[in-house]
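S.K.: There's a structure below that I have some questions on.
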Amino acid sequence: MILPEPKASFQRLFNRLSVPYSRLVFSRLQRETRQDVAWIGPRAGERVLDVACGPGTLALELARCGCRVFACDLAEQMVARAHRAARARRCLPLRLAVADAEQLPLAAESFDLVTCAFSFPLFPSPQVALAEICRVMRHGGRMAVLEAVAPEDPAQSAALDRLEQLRSAGVRAHLPTLPELVSLCKAAGLSLVDATVSERRRRVEDWLSSSVVDGAESRRRLRKRLLATAKNDAAGLHLERRRGRWFFCAKVARFLWRK
């Protein structure tokens with residue numbers, strides 16, 4: 001798949017991240033994923049689309065619930081990782097494909113539920129991706145969005161964006177605030193069914209392990225830049241040290257919308 005910029009940059013980034021990110025989500029976040037799926041409430045037999053599926057964490061859990069799942073991602077290596085995970089778990093009701101969220105190769109009104117986790121900052125045009133999601137979702141269908149959201153303080157939000165850009169070796173992505181994400185979905189004509197917002201503790205070392213900076217020295221500099229924001233909570237991450245390890249809090253919103 002030949003892509004224009006900035007999509008090509010995102011594809012290269014997540015192809016490089018496929019191995020460390022897969023290790024992280026399957027080793028540290030599996031329980032969290034199951035809790036998120038339980039909150040979504042999928043029904044056995046439903047046709048489900050998981051957009052920007054990454055290594056398949058969410059899609060596999062939805063398939064385990066008895067859903068007929070189609071999952072897609074722009075990064076070929078992420079899809080390859082999802083294939084490996086599906087084979088290892090003998091997950092039969094799961095189909096996978098490399099596809100662009102802004103041009104889904106799927107028929108209109110063909111899914112009961114669409115899920116999208118931690119991906120809206122990576123869409124060059126979130127409005128176009130959301131329009132495509134709405135197109136393939138049947139009338140009365142649901143969309144579940146799980147997303148890390150930025151602080152509403154503009155200075156903290158900008159500082160967080162700068163850190164993420166450093167971690168991704170210059171690939172730009174804007175983490176939305178909670179009001180921005182809500183406005184985006186309401187503008188698409190969706191009705192809010194349920195919502196929760198929570199702070200989830202993350203290890204700083206895990207954040208660093210899913211970066212694409214090269215070399216130990218570059219990683220040390222990135223770690224130093226992150227920890228420097230602990231003073232005055234400059235990036236809104238509530239950094240703290242516990243038992244010799246640094247942690248930060250990711251503010252995660254879960255939304256369930258209806259078409």
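As shown in the structure tokens, the chain order sets the letters A, B, ...; within each chain, residues go from 1, and ligands are also counted from 1 in the order they appear.
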Determine, for each residue of segment 3-43 of chain A having at least one atom at most 12 Å from an atom of segment 94-111 of chain A, the closest pair of atoms and their separation in Å to one decimal, counting only C-alpha atoms; order by chain and ascending number, as JSON lines.

M.R.:
{"residue": "A:Leu3", "atom": "CA", "partner": "A:Asp100", "partner_atom": "CA", "distance": 9.4}
{"residue": "A:Pro4", "atom": "CA", "partner": "A:Asp100", "partner_atom": "CA", "distance": 11.6}
{"residue": "A:Lys7", "atom": "CA", "partner": "A:Asp100", "partner_atom": "CA", "distance": 8.9}
{"residue": "A:Ala8", "atom": "CA", "partner": "A:Asp100", "partner_atom": "CA", "distance": 10.9}
{"residue": "A:Phe10", "atom": "CA", "partner": "A:Asp100", "partner_atom": "CA", "distance": 11.2}
{"residue": "A:Gln11", "atom": "CA", "partner": "A:Asp100", "partner_atom": "CA", "distance": 10.0}
{"residue": "A:Asn15", "atom": "CA", "partner": "A:Val98", "partner_atom": "CA", "distance": 11.8}

S.K.: Among segment 9-227 of chain A, which residues does DSSP mark as helix (DSSP H, G or I) when it is run on the backbone? Keep the chain and numbering as in the structure and answer as a ChimeraX atom specification.

M.R.: /A:9-28,30-40,57-64,76-88,120-122,126-136,154-167,178-187,204-209,216-227

S.K.: If we count only C-alpha atoms and set the cut-off at 12 Å, which residues sit around Ala52 of chain A, ignoring sequence neighbours fewer than 3 positions away in its own chain? Please answer as a PDB file with N, CA and C atoms, in the first residue's frame.

M.R.:
ATOM      1  N   PHE A  10       3.188   7.535   9.689  1.00  0.00           N
ATOM      2  CA  PHE A  10       2.526   6.758  10.730  1.00  0.00           C
ATOM      3  C   PHE A  10       2.679   5.256  10.481  1.00  0.00           C
ATOM      4  N   GLN A  11       2.574   4.870   9.234  1.00  0.00           N
ATOM      5  CA  GLN A  11       2.734   3.449   8.909  1.00  0.00           C
ATOM      6  C   GLN A  11       4.140   2.968   9.259  1.00  0.00           C
ATOM      7  N   PHE A  14       4.587   2.725  13.170  1.00  0.00           N
ATOM      8  CA  PHE A  14       3.960   1.592  13.861  1.00  0.00           C
ATOM      9  C   PHE A  14       4.446   0.241  13.347  1.00  0.00           C
ATOM     10  N   LEU A  49     -16.427  -4.403  13.978  1.00  0.00           N
ATOM     11  CA  LEU A  49     -15.244  -3.889  13.292  1.00  0.00           C
ATOM     12  C   LEU A  49     -14.344  -3.224  14.319  1.00  0.00           C
ATOM     13  N   PRO A  55      -1.830  -4.802  17.394  1.00  0.00           N
ATOM     14  CA  PRO A  55      -1.517  -6.234  17.413  1.00  0.00           C
ATOM     15  C   PRO A  55      -2.705  -7.127  17.741  1.00  0.00           C
ATOM     16  N   GLY A  56      -3.914  -6.537  17.775  1.00  0.00           N
ATOM     17  CA  GLY A  56      -5.114  -7.349  17.905  1.00  0.00           C
ATOM     18  C   GLY A  56      -5.616  -7.579  19.312  1.00  0.00           C
ATOM     19  N   THR A  57      -5.111  -6.844  20.285  1.00  0.00           N
ATOM     20  CA  THR A  57      -5.502  -7.074  21.675  1.00  0.00           C
ATOM     21  C   THR A  57      -7.011  -7.003  21.869  1.00  0.00           C
ATOM     22  N   LEU A  58      -7.603  -5.901  21.452  1.00  0.00           N
ATOM     23  CA  LEU A  58      -9.036  -5.697  21.634  1.00  0.00           C
ATOM     24  C   LEU A  58      -9.840  -6.642  20.746  1.00  0.00           C
ATOM     25  N   ALA A  59      -9.416  -6.811  19.497  1.00  0.00           N
ATOM     26  CA  ALA A  59     -10.133  -7.668  18.548  1.00  0.00           C
ATOM     27  C   ALA A  59     -10.198  -9.107  19.041  1.00  0.00           C
ATOM     28  N   PHE A  70     -14.041  -8.279  12.388  1.00  0.00           N
ATOM     29  CA  PHE A  70     -13.136  -7.878  11.309  1.00  0.00           C
ATOM     30  C   PHE A  70     -12.264  -6.773  11.886  1.00  0.00           C
ATOM     31  N   ALA A  71     -10.951  -6.921  11.798  1.00  0.00           N
ATOM     32  CA  ALA A  71     -10.030  -5.936  12.364  1.00  0.00           C
ATOM     33  C   ALA A  71      -9.055  -5.473  11.300  1.00  0.00           C
ATOM     34  N   CYS A  72      -8.725  -4.188  11.329  1.00  0.00           N
ATOM     35  CA  CYS A  72      -7.809  -3.654  10.319  1.00  0.00           C
ATOM     36  C   CYS A  72      -6.872  -2.626  10.925  1.00  0.00           C
ATOM     37  N   ASP A  73      -5.724  -2.466  10.272  1.00  0.00           N
ATOM     38  CA  ASP A  73      -4.735  -1.482  10.714  1.00  0.00           C
ATOM     39  C   ASP A  73      -3.940  -1.043   9.493  1.00  0.00           C
ATOM     40  N   LEU A  74      -3.384   0.164   9.564  1.00  0.00           N
ATOM     41  CA  LEU A  74      -2.597   0.699   8.456  1.00  0.00           C
ATOM     42  C   LEU A  74      -1.197   0.079   8.404  1.00  0.00           C
ATOM     43  N   ALA A  75      -0.697  -0.388   9.543  1.00  0.00           N
ATOM     44  CA  ALA A  75       0.668  -0.922   9.627  1.00  0.00           C
ATOM     45  C   ALA A  75       0.681  -2.426   9.383  1.00  0.00           C
ATOM     46  N   GLU A  76       1.359  -2.842   8.323  1.00  0.00           N
ATOM     47  CA  GLU A  76       1.381  -4.271   7.969  1.00  0.00           C
ATOM     48  C   GLU A  76       1.945  -5.144   9.082  1.00  0.00           C
ATOM     49  N   MET A  78       1.850  -4.604  12.305  1.00  0.00           N
ATOM     50  CA  MET A  78       0.863  -4.752  13.379  1.00  0.00           C
ATOM     51  C   MET A  78      -0.136  -5.848  13.025  1.00  0.00           C
ATOM     52  N   VAL A  79      -0.588  -5.847  11.782  1.00  0.00           N
ATOM     53  CA  VAL A  79      -1.533  -6.877  11.346  1.00  0.00           C
ATOM     54  C   VAL A  79      -0.885  -8.260  11.399  1.00  0.00           C
ATOM     55  N   ALA A  82      -0.994  -9.378  14.886  1.00  0.00           N
ATOM     56  CA  ALA A  82      -2.352  -9.797  15.232  1.00  0.00           C
ATOM     57  C   ALA A  82      -2.647 -11.189  14.680  1.00  0.00           C
ATOM     58  N   LEU A  96      -8.622 -10.346   9.534  1.00  0.00           N
ATOM     59  CA  LEU A  96      -7.689  -9.234   9.647  1.00  0.00           C
ATOM     60  C   LEU A  96      -7.279  -8.728   8.266  1.00  0.00           C
ATOM     61  N   ALA A  97      -7.030  -7.425   8.181  1.00  0.00           N
ATOM     62  CA  ALA A  97      -6.603  -6.856   6.909  1.00  0.00           C
ATOM     63  C   ALA A  97      -5.833  -5.567   7.135  1.00  0.00           C
ATOM     64  N   VAL A  98      -4.951  -5.242   6.200  1.00  0.00           N
ATOM     65  CA  VAL A  98      -4.291  -3.936   6.179  1.00  0.00           C
ATOM     66  C   VAL A  98      -5.239  -2.973   5.477  1.00  0.00           C
ATOM     67  N   ALA A  99      -5.620  -1.903   6.161  1.00  0.00           N
ATOM     68  CA  ALA A  99      -6.582  -0.965   5.572  1.00  0.00           C
ATOM     69  C   ALA A  99      -6.452   0.400   6.226  1.00  0.00           C
ATOM     70  N   ASP A 100      -6.832   1.404   5.473  1.00  0.00           N
ATOM     71  CA  ASP A 100      -6.801   2.798   5.917  1.00  0.00           C
ATOM     72  C   ASP A 100      -8.147   3.139   6.557  1.00  0.00           C
ATOM     73  N   ALA A 101      -8.133   3.637   7.792  1.00  0.00           N
ATOM     74  CA  ALA A 101      -9.376   3.979   8.493  1.00  0.00           C
ATOM     75  C   ALA A 101     -10.169   5.052   7.765  1.00  0.00           C
ATOM     76  N   GLU A 102      -9.503   5.850   6.946  1.00  0.00           N
ATOM     77  CA  GLU A 102     -10.195   6.913   6.229  1.00  0.00           C
ATOM     78  C   GLU A 102     -10.743   6.453   4.877  1.00  0.00           C
ATOM     79  N   LEU A 104     -12.203   2.805   4.306  1.00  0.00           N
ATOM     80  CA  LEU A 104     -12.444   1.414   4.678  1.00  0.00           C
ATOM     81  C   LEU A 104     -12.999   0.618   3.494  1.00  0.00           C
ATOM     82  N   VAL A 114     -18.687  -0.922  16.237  1.00  0.00           N
ATOM     83  CA  VAL A 114     -17.347  -0.535  15.779  1.00  0.00           C
ATOM     84  C   VAL A 114     -16.562  -0.078  16.998  1.00  0.00           C
ATOM     85  N   THR A 115     -15.335  -0.566  17.121  1.00  0.00           N
ATOM     86  CA  THR A 115     -14.476  -0.148  18.224  1.00  0.00           C
ATOM     87  C   THR A 115     -13.233   0.534  17.674  1.00  0.00           C
ATOM     88  N   CYS A 116     -12.727   1.476  18.457  1.00  0.00           N
ATOM     89  CA  CYS A 116     -11.496   2.177  18.073  1.00  0.00           C
ATOM     90  C   CYS A 116     -10.787   2.566  19.362  1.00  0.00           C
ATOM     91  N   ALA A 117      -9.593   2.025  19.569  1.00  0.00           N
ATOM     92  CA  ALA A 117      -8.882   2.236  20.829  1.00  0.00           C
ATOM     93  C   ALA A 117      -7.551   2.949  20.604  1.00  0.00           C
ATOM     94  N   PHE A 118      -7.389   4.090  21.262  1.00  0.00           N
ATOM     95  CA  PHE A 118      -6.120   4.813  21.326  1.00  0.00           C
ATOM     96  C   PHE A 118      -5.548   5.115  19.933  1.00  0.00           C
ATOM     97  N   SER A 119      -6.408   5.594  19.051  1.00  0.00           N
ATOM     98  CA  SER A 119      -5.985   5.804  17.657  1.00  0.00           C
ATOM     99  C   SER A 119      -6.372   7.149  17.069  1.00  0.00           C
ATOM    100  N   PHE A 120      -7.325   7.864  17.649  1.00  0.00           N
ATOM    101  CA  PHE A 120      -7.779   9.110  17.025  1.00  0.00           C
ATOM    102  C   PHE A 120      -6.663  10.140  16.854  1.00  0.00           C
ATOM    103  N   PRO A 121      -5.683  10.237  17.777  1.00  0.00           N
ATOM    104  CA  PRO A 121      -4.592  11.196  17.533  1.00  0.00           C
ATOM    105  C   PRO A 121      -3.751  10.862  16.312  1.00  0.00           C
ATOM    106  N   LEU A 122      -3.842   9.636  15.819  1.00  0.00           N
ATOM    107  CA  LEU A 122      -3.003   9.178  14.719  1.00  0.00           C
ATOM    108  C   LEU A 122      -3.679   9.323  13.362  1.00  0.00           C
ATOM    109  N   PHE A 123      -4.953   9.675  13.335  1.00  0.00           N
ATOM    110  CA  PHE A 123      -5.644   9.868  12.069  1.00  0.00           C
ATOM    111  C   PHE A 123      -5.352  11.278  11.550  1.00  0.00           C
ATOM    112  N   ALA A 129     -12.132   9.822   9.188  1.00  0.00           N
ATOM    113  CA  ALA A 129     -12.152   8.471   9.766  1.00  0.00           C
ATOM    114  C   ALA A 129     -13.476   8.204  10.458  1.00  0.00           C
ATOM    115  N   ILE A 133     -16.374   5.366   9.731  1.00  0.00           N
ATOM    116  CA  ILE A 133     -16.900   4.489  10.773  1.00  0.00           C
ATOM    117  C   ILE A 133     -18.423   4.543  10.778  1.00  0.00           C
ATOM    118  N   VAL A 145     -15.347   4.056  21.755  1.00  0.00           N
ATOM    119  CA  VAL A 145     -14.067   4.743  21.617  1.00  0.00           C
ATOM    120  C   VAL A 145     -13.361   4.713  22.962  1.00  0.00           C
ATOM    121  N   LEU A 146     -12.135   4.201  22.961  1.00  0.00           N
ATOM    122  CA  LEU A 146     -11.266   4.256  24.137  1.00  0.00           C
ATOM    123  C   LEU A 146     -10.103   5.157  23.750  1.00  0.00           C
TER     124      LEU A 146
END

S.K.: Taking 2 positions as the minimum chain separation for residues in the same chain, which residues sit within 12 Å of Lys259 of chain A when counting only C-alpha atoms? Answer as a PyMOL selection string.

M.R.: chain A and resi 109+111-114+130-131+133-144+185-193+256-257

S.K.: Considering only C-alpha atoms, can you say which of A:Arg202, A:Arg81, A:Arg90, A:Lys251 comes closest to Ala150 of chain A?

M.R.: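 Of A:Arg202, A:Arg81, A:Arg90, A:Lys251, the one nearest Ala150 of chain A, counting only C-alpha atoms, is A:Lys251.
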